[in-house]
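Inspection log for the structure reproduced underneath, given as structure tokens.
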Amino acid sequence: MTIADRPELLSVQGITKAYPGVVANSDVSFTIREGEVHALLGENGAGKSTLVKMIFGLVKPDAGQMRLRGADYAPQKPGQARAAGVAMVFQHFSLFEALNVAENVALGMENPPPMRELAARIRAVSEEYGLPLDPGRMVGDLSAGERQRVEIIRCLLQDPKLLIMDEPTSVLTPQEVEILFKTLRQLSAEGTAILYISHKLEEIRNLCDAATILRRGKVVGTADPKATTARELAELMVGTTLTPPERRRADRGEVVLGVSDLTLASPIPFGTELKNVSFTVAKGEILGIAGVAGNGQDELLLALSGELRAPADRVRINGQPVGDLGPEARRRAGLVAAPEERLGHAAVPDMSLVENALLSGAVRKGLTQRGFIDWAGAEAFAAQIVKDFDVRTPGTHVAARALSGGNLQKFVVGRELSQDPSVIVINQPTWGVDAAAAAAIRQAILDRAAAGAAVVVISQDLDELLEISDNFAALNEGRLSRPRPVEGLTIDQIGLMMGGAHGMEVAHHGA
Amino acid sequence: MDFFGITPSVLIASLIVASVPILMAAIGELVVERAGVLNLGVEGMMIMGAICGFITAVETGSPVLGFLGGAAGGAALSLIFGFLTQYLLANQVATGLALTLFGLGLSSLIGQSYVGIKPPPTQPVPLGPLADIPFIGRVVFSHDWMVYASLAAVAGVWAFLRYSRAGLILRAVGESHDAAHALGYKVVRIRLLAIVFGGALAGLGGAYVSLVRVPQWTDGITAGAGWIALAIVVFASWRPWRVLLGAWLFGGISVLQLNLQAAGARIPVEYLSMSPYLITILVLVIMSSGRGRAALNAPAALGQNFHASR
Amino acid sequence: MLRLEKRPSPSRAWTIATPVVAVILTMVAGGIMFAMLGKDPVEAIRTIFWDPLFNAQFAAYSRPQLLVKAGPLILIALGLSLGFRAGIWNIGAEGQYIMGAIFGAAAGLAVYPVESRLIFPVMIIAGGLGGFLWAMIPAILKTHFRTNEILVSLLLVYVAQNILSSMALGALRNPEGGGFPGSRNLSQIPAMANTELVAGTGMHWGVVVAFVAVIAAYILLQRHILGFQIKLAGQAPRAARFAGVSPNRLVILCMGISGALAGLAGFFEVSGPAGQISIDFATGYGFTAIIVAFLGRLNPLGILLAGLLMALTYIGGELAQFMLGLPSAAIQAFQGMLLFFLLAVDLLSNYRIRLARKEIA
């Protein structure tokens with residue numbers, strides 16, 4: 001029996017949802033059949049998350065209707081959705097770090113059995129689907145992949161008819177992705193339909209039976225992903241033809257940034273300690289650092305930016321030891337950094353772009369004299385960033401939180417790149433940013449490297465790293481693999497550098 | 001063996017009694033904080049409980065109704081806090097302070113005509129022959145029912161948090177309101193219930209001060225007990241049985257210093273009466289300097305407001 | 001159903017309007033409270049807010065009192081506002097105020113009866129130092145042991161109150177006072193008295209220092225990088241660390257400034273309006289200043305106005321007590337209420353209220 005002959009499970013008709021200032025979904029319709037793996041494909045901000053939140057009962061649509069197995073379906077809250085056989089694995093925000101696995105699972109169930117029985121069932125289901133998990137462990141101590149298993153098992157225990165997965169592979173190594181896909185295929189074969197949200201095209205072509213493509217809240221097409229090329233899918237998703245970033249090779253110069261034997265405890269609760277991290281970056285070089293979320297990326301950025309101090313000789317800029325210096329002194333030495341989290345770390349949500357420009361630009365741009373602020377200078381700096389990096393904003397006096405994710409990211413990256421740095425450290429340069437903005441940011445990084453800066457890009461997007469880096473390394477449980485040239489690396493090698501499949505048959509860390 | 005002419009059994013019995021107000025308030029605040037809410041208005045809720053309990057007891061002649069009135073007074077004040085922080089998203093620290101300032105003023109206002117009156121007495125629970133057992137009888141079986149109720153509250157909160165589903169949900173809300181919201185739990189409603197519970201218990205603790213410990217009404221009668229209760233929650237690293245330990249420690253110190261005062265010790269009275277506060281600070285320092293565990297045990301969402309945006 | 005919607009940027013208009021709205025709402029609610037106490041609400045409100053300034057019979061006495069009462073409130077609130085902006089909660093200003101008074105008075109009384117023009121300045125420094133040192137206790141405990149500064153600073157108020165009574169009864173007791181508690185009256189010792197500078201205005205050295213502090217704080221917050229760092233640390237602690245702000249340095253700085261200012265306020269009070277160290281010297285300025293700081297929206301100019309308004313409620317409250325028999329505690333409750341309304345309407349500067357259909361969210 002082919003998928004097309006199977007009975008219809010969920011049909012979504014004319015769903016519309018508007019928020020003040022944005023239409024998140026406009027007249028969206030599609031259907032999922034039983035056992036089908038259906039992709040919901042779209043860029044960041046295309047409306048995928050809002051749509052699935054409506055299917056899961058977290059948000060109520062303004063118009064349109066849904067039918068589940070022929071009956072009207074309008075969940076008022078997630079509990080009703082779960083009762084109707086709809087389960088969801090979230091991308092963020094639904095696990096409790098200080099509670100153990102069994103407690104986390106119980107919280108996601110309507111009528112959980114007593115704890116001891118639940119623990120036994122967790123063990124049974126996790127073995128059945130090849131997702132080993134210890135019910136007594138604290139979730140805060142688990143790797144990102146293991147946390148996802150907690151979510152998946154929480155769903156599976158309720159015997160769902162439809163499993164929604166929101167960007168599940170962004171927290172997995174390539175090996176773990178393979179294991180997940182095996183599980184999902186097994187579920188599909190057993191008749192469970194899967195709504196799979198992603199913007200990763202190869203994955204969708206590999207896994208899904210059908211795809212609905214969203215752009216700016218509207219359905220712009222449907223496709224059979226197995227019969228469509230990745231390029232065609234990408235153009236449907238983005239709406240224009242994308243040009244890959246332009247690469248000018250700079251002459252590789254002397255080493256600018258050197259890190260040796262850096263070992264640091266994490267200041268973040270349930271964070272990852274850095275263990276013997278060593279690498280060098282030369283003038284004009286881009287070092288890409290991959291790794292699954294939570295393997296020490298945040299800590300590495302803090303250690304490089306100066307927010308976290310180390311013994312002086314562990315970090316050197318142009319041969320000068322700077323490990324014990326704070327952020328301002330390191331900026332003076334030529335290092336700029338852009339943290340992953342835009343709001344609250346790289347920028348202050350309630351402050352204007354002018355104030356946010358001053359935030360990290362004061363030292364290198366000379367915006368203070370004897371402690372007094374040169375507001376005119378700060379304003380000019382902010383205006384220059386807005387102009388040079390095409391930040392879409394009504395003006396520089398707007399609060400940072402009023403900007404869209406992509407525009408704020410352009411501002412933050414632009415602020416750092418505009419300071420004529422000799423070392424640039426960026427964590428997740430294009431996280432949650434639409435394709436056009438992402439391309440612009442990557443181009444700007446490449447341009448800076450061509451002009452002679454030493455660049456460290458930390459990212460969880462492998463495609464991005466392979467596209468822009470010269471050398472490649474991966475963080476795994478706080479250890480950094482030896483950097484290797486990007487050319488000639490295979491996806492299997494990369495996966496092993498990232499730690500293979502965490503807590504599975506493969507050894508924990510090879511390096 | 002006697003300490004300054006006081007027998008140990010009397011000393012222990014009186015420290016148990018002395019610890020009741022802060023024990024009640026602290027165990028209530030523990031529940032509030034485990035739900036992720038920091039209510040610094042404990043002192044205000046306690047003193048409202050003290051005056052409401054006192055007035056009810058005097059007007060009805062019933063200490064039991066008095067305690068109910070005290071709980072109602074504390075809970076009513078906590079509702080203001082709940083409304084401001086949960087619905088109007090006001091800063092929890094500032095609102096808690098406001099609660100204390102307002103509570104002190106309002107209690108003094110409505111208590112004006114009750115100064116100098118004796119409340120109806122609260123009798124020990126008649127436990128018959130049990131109370132006659134040497135030592136243990138005096139220490140364990142000679143108290144009024146509020147003493148036993150406060151111990152029951154500790155046990156109840158412990159069991160609730162550890163074994164019940166509602167307790168699990170409460171802890172989950174205190175760990176991450178976003179995750180709890182995503183799973184469909186009503187964050188604001190759960191927190192509001194916790195706040196009211198905390199207010200009622202603080203009110204009970206306050207009523208115990210004005211009805212049993214002192215027993216009469218004067219302005220500012222709680223004298224910082226609410227703040228000490230807050231400190232004890234930190235000391236206990238948010239665990240119920242440790243709250244009991246902290247409350248007894250504090251009760252012991254205050255009983256001891258009172259006895260030393262009465263015994264005419266050579267230390268000036270002022271230095272004796274500041275000792276409970278100093279020791280509370282000392283204990284706080286010891287707890288917080290042992291970094292890591294205590295800090296990790298704090299509810300992760302403590303003091304953060306929740307607003308479901310999308 | 002009403003729904004809250006976050007504004008893209010904080011509303012400037014509402015930021016200024018909220019304290020005014022809060023004051024009006026408090027007057028209404030306070031009026032209801034006065035009515036329940038059996039007083040004519042309109043008359044009570046008029047007695048509190050109007051008569052001290054404009055009633056021919058009382059104004060001559062009351063008007064100077066305005067500056068006398070506002071001086072310490074403004075001084076303390078300014079210091080607190082810096083910490084509150086940075087997320088550092090010093091709520092023990094009352095204790096620092098007491099210690100400032102004790103240190104300042106003790107410095108002068110130690111050399112009694114020497115007469116010198118140097119004594120008063122030395123006493124000012126000692127007063128500031130007393131408050132500063134008392135505030136350093138919670139500050140250093142926080143930076144070294146991560147101890148919660150809210151609890152420590154507050155608990156130290158009770159300790160300071162005990163020290164105060166110990167001083168009034170012991171070390172600083174007036175040897176010629178016939179055994180009554182309380183120190184010599186500083187305001188009657190020329191070398192130590194904080195006298196009225198312009199007759200009939202209530203202006204004393206403490207008020208002058210308060211005005212200077214307002215200007216200094218304004219410049220600090222608007223023009224200086226340190227003020228910017230204070231705001232950063234309060235709004236986004238991680239962004240502040242990213243910018244290079246040291247959280248520990250900020251704790252010491254904010255606690256130190258607020259402690260020193262509270263200590264100064266205590267000294268100017270004990271050497272002027274209060275006159276002597278006595279058991280009932282502390283009247284709660286340190287706590288009321290918290291309300292002043294918030295009412296002034298943590299802004300120096302706002303605090304200046306808020307301090308004057310709060311001083312007015314003190315004077316008006318006394319007047320209402322005298323004229324209408326309104327209990328003094330009613331004013332305390334009234335002030336607490338003001339803070340509630342302020343916190344409640346504060347939301348309007350960051351959120352819009354919309355009428356919306358019921359939604360699950």
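Ligands are numbered from 1 in the order shown, residues from 1 within each chain, and chains are lettered A, B, ... in the order they appear in the structure tokens.
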Legend entry - Neighbour list for region 281-289 of chain C as a VMD selection string, cut-off 9 Å, only C-alpha atoms, skip fewer than 5 positions in-chain: (chain B and resid 101) or (chain C and resid 69 72 to 78 80 91 to 98 161 164 262 266 270 274 276 294 307 310 332 335 to 336)
Legend entry - Test item: chain C residues at most 9 Å from chain B, counting only C-alpha atoms, as a PyMOL selection string: chain C and resi 4-6+89+91+141-142+144-148+151-152+154-156+158-166+287-288+290-291+294+327-340+343-347+361
Inset, instruction - For chain C, work out the contacting residues on chain A at 7 Å, counting only C-alpha atoms, and write them as a count of residues only. - result: 23
Compute the chain A side of the contact with chain B at 8 Å, counting only C-alpha atoms, and hand it back as an mmCIF file with N, CA and C atoms, in the first residue's frame.
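Saved to result_30.cif:
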```cif
data_model
loop_
_atom_site.group_PDB
_atom_site.id
_atom_site.type_symbol
_atom_site.label_atom_id
_atom_site.label_comp_id
_atom_site.auth_asym_id
_atom_site.auth_seq_id
_atom_site.Cartn_x
_atom_site.Cartn_y
_atom_site.Cartn_z
ATOM 1 N N LEU A 58 -1.431 25.054 21.694
ATOM 2 C CA LEU A 58 -0.801 26.104 22.493
ATOM 3 C C LEU A 58 -1.267 27.485 22.068
ATOM 4 N N VAL A 59 -1.686 27.585 20.810
ATOM 5 C CA VAL A 59 -2.146 28.853 20.255
ATOM 6 C C VAL A 59 -3.435 28.554 19.513
ATOM 7 N N LYS A 77 -6.129 23.244 24.600
ATOM 8 C CA LYS A 77 -4.870 23.230 25.334
ATOM 9 C C LYS A 77 -4.112 21.957 24.979
ATOM 10 N N PRO A 78 -2.814 21.930 25.263
ATOM 11 C CA PRO A 78 -2.019 20.770 24.876
ATOM 12 C C PRO A 78 -2.578 19.451 25.411
ATOM 13 N N GLY A 79 -3.196 19.491 26.597
ATOM 14 C CA GLY A 79 -3.758 18.272 27.154
ATOM 15 C C GLY A 79 -4.767 17.629 26.205
ATOM 16 N N PHE A 93 12.906 24.621 25.388
ATOM 17 C CA PHE A 93 11.972 25.010 26.443
ATOM 18 C C PHE A 93 10.995 23.955 26.914
ATOM 19 N N SER A 94 11.265 22.710 26.915
ATOM 20 C CA SER A 94 10.220 21.926 27.533
ATOM 21 C C SER A 94 10.781 20.867 28.456
ATOM 22 N N LEU A 95 12.033 20.997 28.825
ATOM 23 C CA LEU A 95 12.573 20.077 29.828
ATOM 24 C C LEU A 95 13.009 20.871 31.049
ATOM 25 N N PHE A 96 13.059 20.171 32.185
ATOM 26 C CA PHE A 96 13.409 20.809 33.451
ATOM 27 C C PHE A 96 14.731 20.219 33.921
ATOM 28 N N GLU A 97 15.763 21.041 33.911
ATOM 29 C CA GLU A 97 17.111 20.518 34.145
ATOM 30 C C GLU A 97 17.284 19.921 35.540
ATOM 31 N N ALA A 98 16.617 20.506 36.530
ATOM 32 C CA ALA A 98 16.841 20.047 37.900
ATOM 33 C C ALA A 98 15.938 18.870 38.274
ATOM 34 N N LEU A 99 15.157 18.364 37.328
ATOM 35 C CA LEU A 99 14.330 17.189 37.612
ATOM 36 C C LEU A 99 14.905 15.995 36.839
ATOM 37 N N GLU A 103 10.666 12.140 36.045
ATOM 38 C CA GLU A 103 9.798 13.269 36.412
ATOM 39 C C GLU A 103 9.468 14.120 35.195
ATOM 40 N N LEU A 107 5.681 14.762 33.632
ATOM 41 C CA LEU A 107 5.072 16.080 33.447
ATOM 42 C C LEU A 107 4.443 16.238 32.071
ATOM 43 N N GLY A 108 4.928 15.468 31.109
ATOM 44 C CA GLY A 108 4.364 15.591 29.770
ATOM 45 C C GLY A 108 3.222 14.636 29.512
ATOM 46 N N PRO A 269 25.141 27.079 35.199
ATOM 47 C CA PRO A 269 24.634 25.869 35.843
ATOM 48 C C PRO A 269 24.443 24.762 34.803
#
```
Inset, instruction - Compile the contact shell of region 23-29 of chain C as a PyMOL selection string: residues with an atom at most 8 Å away, counting only C-alpha atoms, same-chain residues fewer than 2 positions apart removed. - result: chain C and resi 19-21+31-33+45+334+337-338+341-342
Those residues with C-alpha atoms, as a short mmCIF file (atom, residue, chain, number, x, y, z; two decimals), in the first residue's frame please?
```cif
data_model
loop_
_atom_site.label_atom_id
_atom_site.label_comp_id
_atom_site.auth_asym_id
_atom_site.auth_seq_id
_atom_site.Cartn_x
_atom_site.Cartn_y
_atom_site.Cartn_z
CA PRO C 19 4.17 58.47 38.92
CA VAL C 20 1.49 61.13 38.44
CA VAL C 21 -1.17 58.51 37.79
CA GLY C 31 -9.42 59.04 50.59
CA ILE C 32 -11.47 55.86 50.82
CA MET C 33 -9.24 54.67 53.67
CA ILE C 45 -6.37 65.05 51.48
CA PHE C 334 -0.76 55.69 52.66
CA MET C 337 -0.13 52.20 49.07
CA LEU C 338 1.62 54.74 46.86
CA PHE C 341 -0.01 51.83 42.77
CA LEU C 342 3.30 52.88 41.31
#
```
Might you pull out every residue within 9 Å of Ser170 (chain A), with only C-alpha atoms counted and same-chain residues fewer than 2 positions away left off, and present them as a short mmCIF file (atom, residue, chain, number, x, y, z; two decimals) with C-alpha atoms, in the first residue's frame?
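File produced: out23.cif:
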```
data_model
loop_
_atom_site.label_atom_id
_atom_site.label_comp_id
_atom_site.auth_asym_id
_atom_site.auth_seq_id
_atom_site.Cartn_x
_atom_site.Cartn_y
_atom_site.Cartn_z
CA GLN A 91 13.06 22.46 19.81
CA GLU A 167 13.94 21.04 14.04
CA PRO A 168 15.02 17.84 15.76
CA LEU A 172 22.47 16.02 16.97
CA THR A 173 25.69 14.70 15.49
CA VAL A 292 26.34 19.80 19.29
CA ALA A 293 24.80 22.45 21.54
CA GLN A 460 26.10 24.18 14.99
CA ASP A 461 25.33 24.52 11.29
#
```
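Across the structure, CA of Arg149 (chain A) and CA of Leu161 (chain B) are spaced 25.9 Å apart.
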